[in-house]
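*Asks:* Have a look at this one before I ask anything.
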Amino acid sequence: MKNMLTVISNALCRITGRNVGAQTVSELLIDLSEYVNLTSPAAPALAQTQRQPPKPPPVSTRASAAELVSTQTDIDRPGTQVLVSRSFADFTPQVTFDIKKCDLHRLEEGPPEKAELTRDQGLQYYRTMQTIRRMELKADQLYKQKIIRGFCHLYDGQEACAAGIEAGINPTDHLITAYRAHGYTYTRGVSVKEILAELTGRKGGVAKGKGGSMHMYAPCFYGGNGIVGAQVPLGAGIALACQYQGNNQLCVSLYGDGAANQGQLFEAYNMAALWKLPCIFICENNKYGMGTSVERAAASTDYYKRGDYIPGLRVDGMDVLCVREATKFAADHCRSGKGPIVMELQTYRYHGHSMSDPGVSYRTREEIQEVRSKSDPISMLKERMLSHNMASVEEFKEMDVEIRKEVEEAAQFATSDPEPPLDDLCNHIFYNNPPLEVRGTHPWAKLKSLS
């Protein structure tokens with residue numbers, strides 16, 4: 001009889017996720033009934049409410065030390081291992097969070113001050129941001145080992161911008177950015193393996209090893225552009241194509257605070273406003289343009305007002321939920337035919353401007369550490385989810401291990417994959433056929449180009 005109760009107890013524990021030694025069979029049956037009620041289709045309303053963790057049983061109902069030892073002996077036998085991690089039903093499926101209010105320019109109302117987050121969304125945002133963080137740290141390591149050469153601009157610290165923007169638009173929408181492009185390359189669907197292989201100049205890179213850090217591309221993603229500010233009018237042109245084709249798509253055109261004083265930005269603003277183009281101009285204000293603080297570089301640091309006649313938003317760029325809600329608002333604005341909108345994301349980069357910049361000659365280490373401790377986008381999301389019982393510490397640890405493994409495997413590929421052969425030098429230059437050959441005017445005439 002005792003063995004039968006043990007088997008029943010073990011089976012119930014596997015279903016409910018409870019500890020075998022902490023509760024009696026009758027209590028486990030009660031937990032099982034709660035589990036069935038919560039997971040049955042008949043009670044959808046319960047899924048929207050926060051479920052508190054179960055209270056521990058009274059002391060009088062706990063097993064004695066001898067019983068615990070006996071039970072532990074049974075558990076240790078082959079085939080009787082018990083899962084002690086919490087089941088999905090233990091977690092809160094959805095929570096509404098208060099988020100920071102956006103500053104507005106030429107708008108009567110802005111994005112909501114509350115944001116709903118489901119458990120699945122939270123875990124996905126965490127995985128995305130943590131993957132970008134680990135990938136950038138690995139790139140930093142490979143650069144210092146002289147495996148990655150040339151220009152390399154890291155994105156760690158600004159992960160909430162990329163993850164939040166991607167969550168606020170559609171995969172069929174278009175995006176173009178500057179040279180700090182690794183994070184957006186990943187959110188647009190390129191694997192870590194292809195990104196790191198591109199950084200090391202290998203054949204398996206996303207641009208066949210020919211683009212490097214600043215020139216990575218994917219469907220609906222136009223780079224990675226090395227000329228400061230030049231991507232902004234290109235983004236306006238992509239938005240013009242969306243309007244011309246009438247496909248209800250839009251273009252996100254990103255630039256940094258260092259590029260915000262470029263004249264071509266204002267030309268693009270003017271044309272976008274005249275033609276009411278579906279373009280979201282986004283300034284990622286990370287406080288420093290190379291080594292110059294925004295206060296020393298700009299007479300007005302209200303970048304969200306720079307469009308003048310174009311509406312604007314200033315957003316907390318360290319909070320993925322703030323960025324997501326603001327991007328959704330901006331996307332709805334563009335799709336409704338109201339024309340362009342300017343967003344300023346207040347964010348921060350942990351590394352220097354590029355690999356030649358130590359990042360501490362124009363700011364203190366204490367400043368960087370303060371941002372890390374108070375405003376880190378990954379830590380903020382993790383703490384939110386843990387404090388509202390949306391995930392467990394063990395889950396995050398498991399995810400971290402998986403991400404580290406993925407990045408390490410990608411690094412192995414990026415260092416072992418062959419470099420492109422010299423014969424590929426002139427390939428992939430033209431979209432279809434090369435132009436008509438004119439003797440003596442084409443320096444590559446003796447080399448054949450294949451698209």
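Every chain in the structure tokens takes a letter, A first, then B, and so on in the order presented; its residues are numbered from 1, and the ligands are numbered from 1 following the presented order.
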DSSP on the backbone: what in region 206-287 of chain A comes out alpha helix (DSSP H), as a ChimeraX atom specification?
*Replies:* /A:231-245,263-275
*Asks:* With the cut-off set at 7 Å and counting only C-alpha atoms, tabulate each residue of region 336-449 of chain A with an atom at most that distance from an atom of region 201-219 of chain A, showing the nearest atom pair and its distance in Å to one decimal, ordered by chain and increasing number, as JSON lines.
*Replies:*
```
{"residue": "A:Ala414", "atom": "CA", "partner": "A:Arg202", "partner_atom": "CA", "distance": 6.7}
{"residue": "A:Asp417", "atom": "CA", "partner": "A:Arg202", "partner_atom": "CA", "distance": 5.9}
{"residue": "A:Pro418", "atom": "CA", "partner": "A:Arg202", "partner_atom": "CA", "distance": 5.7}
{"residue": "A:Glu419", "atom": "CA", "partner": "A:Arg202", "partner_atom": "CA", "distance": 4.3}
{"residue": "A:Pro420", "atom": "CA", "partner": "A:Lys203", "partner_atom": "CA", "distance": 4.8}
```
*Asks:* Could I get the residues of region 315-336 of chain A with an atom no further than 9 Å from an atom of region 150-165 of chain A, each paired with its nearest atom pair and that distance in Å to one decimal, using only C-alpha atoms, sorted by chain and residue number, as JSON lines?
*Replies:*
```
{"residue": "A:Gly317", "atom": "CA", "partner": "A:Cys161", "partner_atom": "CA", "distance": 5.7}
{"residue": "A:Met318", "atom": "CA", "partner": "A:Ala160", "partner_atom": "CA", "distance": 5.6}
{"residue": "A:Asp319", "atom": "CA", "partner": "A:Ala160", "partner_atom": "CA", "distance": 6.0}
{"residue": "A:Val320", "atom": "CA", "partner": "A:Ala160", "partner_atom": "CA", "distance": 4.5}
{"residue": "A:Leu321", "atom": "CA", "partner": "A:Gly164", "partner_atom": "CA", "distance": 6.5}
{"residue": "A:Cys322", "atom": "CA", "partner": "A:Gly164", "partner_atom": "CA", "distance": 7.7}
{"residue": "A:Val323", "atom": "CA", "partner": "A:Gly164", "partner_atom": "CA", "distance": 4.9}
{"residue": "A:Arg324", "atom": "CA", "partner": "A:Gly164", "partner_atom": "CA", "distance": 4.2}
{"residue": "A:Glu325", "atom": "CA", "partner": "A:Gly164", "partner_atom": "CA", "distance": 8.0}
{"residue": "A:Ala326", "atom": "CA", "partner": "A:Ile165", "partner_atom": "CA", "distance": 8.5}
{"residue": "A:Thr327", "atom": "CA", "partner": "A:Ile165", "partner_atom": "CA", "distance": 5.8}
{"residue": "A:Lys328", "atom": "CA", "partner": "A:Ile165", "partner_atom": "CA", "distance": 8.3}
```
*Asks:* For region 241-252 of chain A, find every residue with an atom within 6 Å (counting only C-alpha atoms), except residues of its own chain fewer than 2 positions away, and show them as a PyMOL selection string.
*Replies:* chain A and resi 173-175+238-239+278-280
*Asks:* Can you write just those residues out, all heavy atoms, as a short mmCIF file (atom, residue, chain, number, x, y, z; two decimals), in the first residue's frame?
*Replies:*
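File selection.cif, as written:
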```
data_model
loop_
_atom_site.label_atom_id
_atom_site.label_comp_id
_atom_site.auth_asym_id
_atom_site.auth_seq_id
_atom_site.Cartn_x
_atom_site.Cartn_y
_atom_site.Cartn_z
N ASP A 173 7.96 45.34 -43.03
CA ASP A 173 8.37 46.74 -43.04
C ASP A 173 9.88 46.82 -43.26
O ASP A 173 10.60 45.83 -43.12
CB ASP A 173 7.99 47.42 -41.72
CG ASP A 173 6.49 47.63 -41.59
OD1 ASP A 173 5.85 47.89 -42.61
OD2 ASP A 173 5.97 47.51 -40.46
N HIS A 174 10.37 48.00 -43.59
CA HIS A 174 11.76 48.16 -44.00
C HIS A 174 12.55 48.92 -42.94
O HIS A 174 11.99 49.74 -42.20
CB HIS A 174 11.81 48.90 -45.34
CG HIS A 174 10.94 48.28 -46.39
ND1 HIS A 174 11.38 47.29 -47.25
CD2 HIS A 174 9.62 48.47 -46.69
CE1 HIS A 174 10.39 46.92 -48.04
NE2 HIS A 174 9.31 47.61 -47.72
N LEU A 175 13.85 48.64 -42.89
CA LEU A 175 14.70 49.28 -41.88
C LEU A 175 16.08 49.53 -42.47
O LEU A 175 16.64 48.67 -43.15
CB LEU A 175 14.78 48.39 -40.64
CG LEU A 175 15.43 48.99 -39.39
CD1 LEU A 175 14.72 48.47 -38.13
CD2 LEU A 175 16.91 48.65 -39.31
N ILE A 238 13.14 54.79 -49.62
CA ILE A 238 12.45 53.50 -49.43
C ILE A 238 10.99 53.74 -49.04
O ILE A 238 10.08 53.06 -49.52
CB ILE A 238 13.17 52.66 -48.35
CG1 ILE A 238 14.59 52.31 -48.82
CG2 ILE A 238 12.39 51.38 -48.05
CD1 ILE A 238 15.48 51.75 -47.72
N ALA A 239 10.75 54.74 -48.20
CA ALA A 239 9.37 55.09 -47.81
C ALA A 239 8.58 55.59 -49.02
O ALA A 239 7.38 55.31 -49.15
CB ALA A 239 9.40 56.16 -46.71
N PRO A 278 5.57 57.51 -45.49
CA PRO A 278 5.46 56.65 -44.30
C PRO A 278 6.85 56.28 -43.76
O PRO A 278 7.32 55.16 -43.92
CB PRO A 278 4.72 55.42 -44.82
CG PRO A 278 5.13 55.34 -46.27
CD PRO A 278 5.30 56.76 -46.74
N CYS A 279 7.49 57.25 -43.13
CA CYS A 279 8.86 57.05 -42.66
C CYS A 279 8.96 57.44 -41.18
O CYS A 279 8.51 58.52 -40.77
CB CYS A 279 9.82 57.91 -43.48
SG CYS A 279 11.57 57.56 -43.16
N ILE A 280 9.55 56.55 -40.37
CA ILE A 280 9.84 56.85 -38.97
C ILE A 280 11.32 57.18 -38.88
O ILE A 280 12.17 56.31 -39.06
CB ILE A 280 9.50 55.66 -38.05
CG1 ILE A 280 8.07 55.17 -38.28
CG2 ILE A 280 9.71 56.04 -36.59
CD1 ILE A 280 7.72 53.92 -37.48
#
```
*Asks:* May I have the residues within 7 Å of Thr118 (chain A) as a PyMOL selection string, using only C-alpha atoms and disregarding those fewer than 3 positions away in the same chain?
*Replies:* chain A and resi 93-95+121-122
*Asks:* How would the residues just picked look written out with C-alpha atoms as a compact mmCIF listing (two decimals), in the first residue's frame?
*Replies:*
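Final output, part-v3.txt:
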```
# COMPACT_ATOMS: atom_id res chain seq x y z
CA PRO A 93 0.71 34.66 -18.11
CA GLN A 94 0.30 38.42 -18.62
CA VAL A 95 0.98 41.62 -16.68
CA GLN A 121 6.86 38.03 -25.22
CA GLY A 122 9.03 38.73 -22.19
```
*Asks:* Rounded to one decimal in Å, what is the spacing between CA of Gln231 (chain A) and CA of Arg314 (chain A)?
*Replies:*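 These two atoms are separated by 21.0 Å.
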*Asks:* Pick out the residues sitting within 12 Å of region 262-266 of chain A, and hand them over as a count of residues only; count only C-alpha atoms, and ignore anything fewer than 2 positions along from it in its own chain.
*Replies:* 37
*Asks:* Just to confirm, what's the straight-line distance from CA of Ser354 (chain A) to CA of Gly291 (chain A) in Å (one decimal)?
*Replies:*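 The value is 10.1 Å.
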*Asks:* Name the closest residue to Gly352 (chain A) among the candidates A:Ala197, A:Ala411, A:Asp140, A:Glu370; distances are taken between atoms, counting only C-alpha atoms.
*Replies:*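 Counting only C-alpha atoms, the residue closest to Gly352 (chain A) is A:Asp140.
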*Asks:* Rounded to one decimal place, report the CA of Pro421 (chain A)-CA of Glu194 (chain A) distance in Å.
*Replies:* 17.6 Å
*Asks:* Looking at A:Glu295, A:Glu108, A:Glu136, A:Glu394, which one is nearest to Val192 (chain A), with distances taken over only C-alpha atoms?
*Replies:*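 Residue with the minimum atom-to-atom distance to Val192 (chain A): A:Glu136.
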*Asks:* Give the answer as one residue: which of A:Phe413, A:Tyr143, A:Tyr126, A:Trp275 has the shortest atom-to-atom distance to Pro340 (chain A), using only C-alpha atoms?
*Replies:* A:Trp275
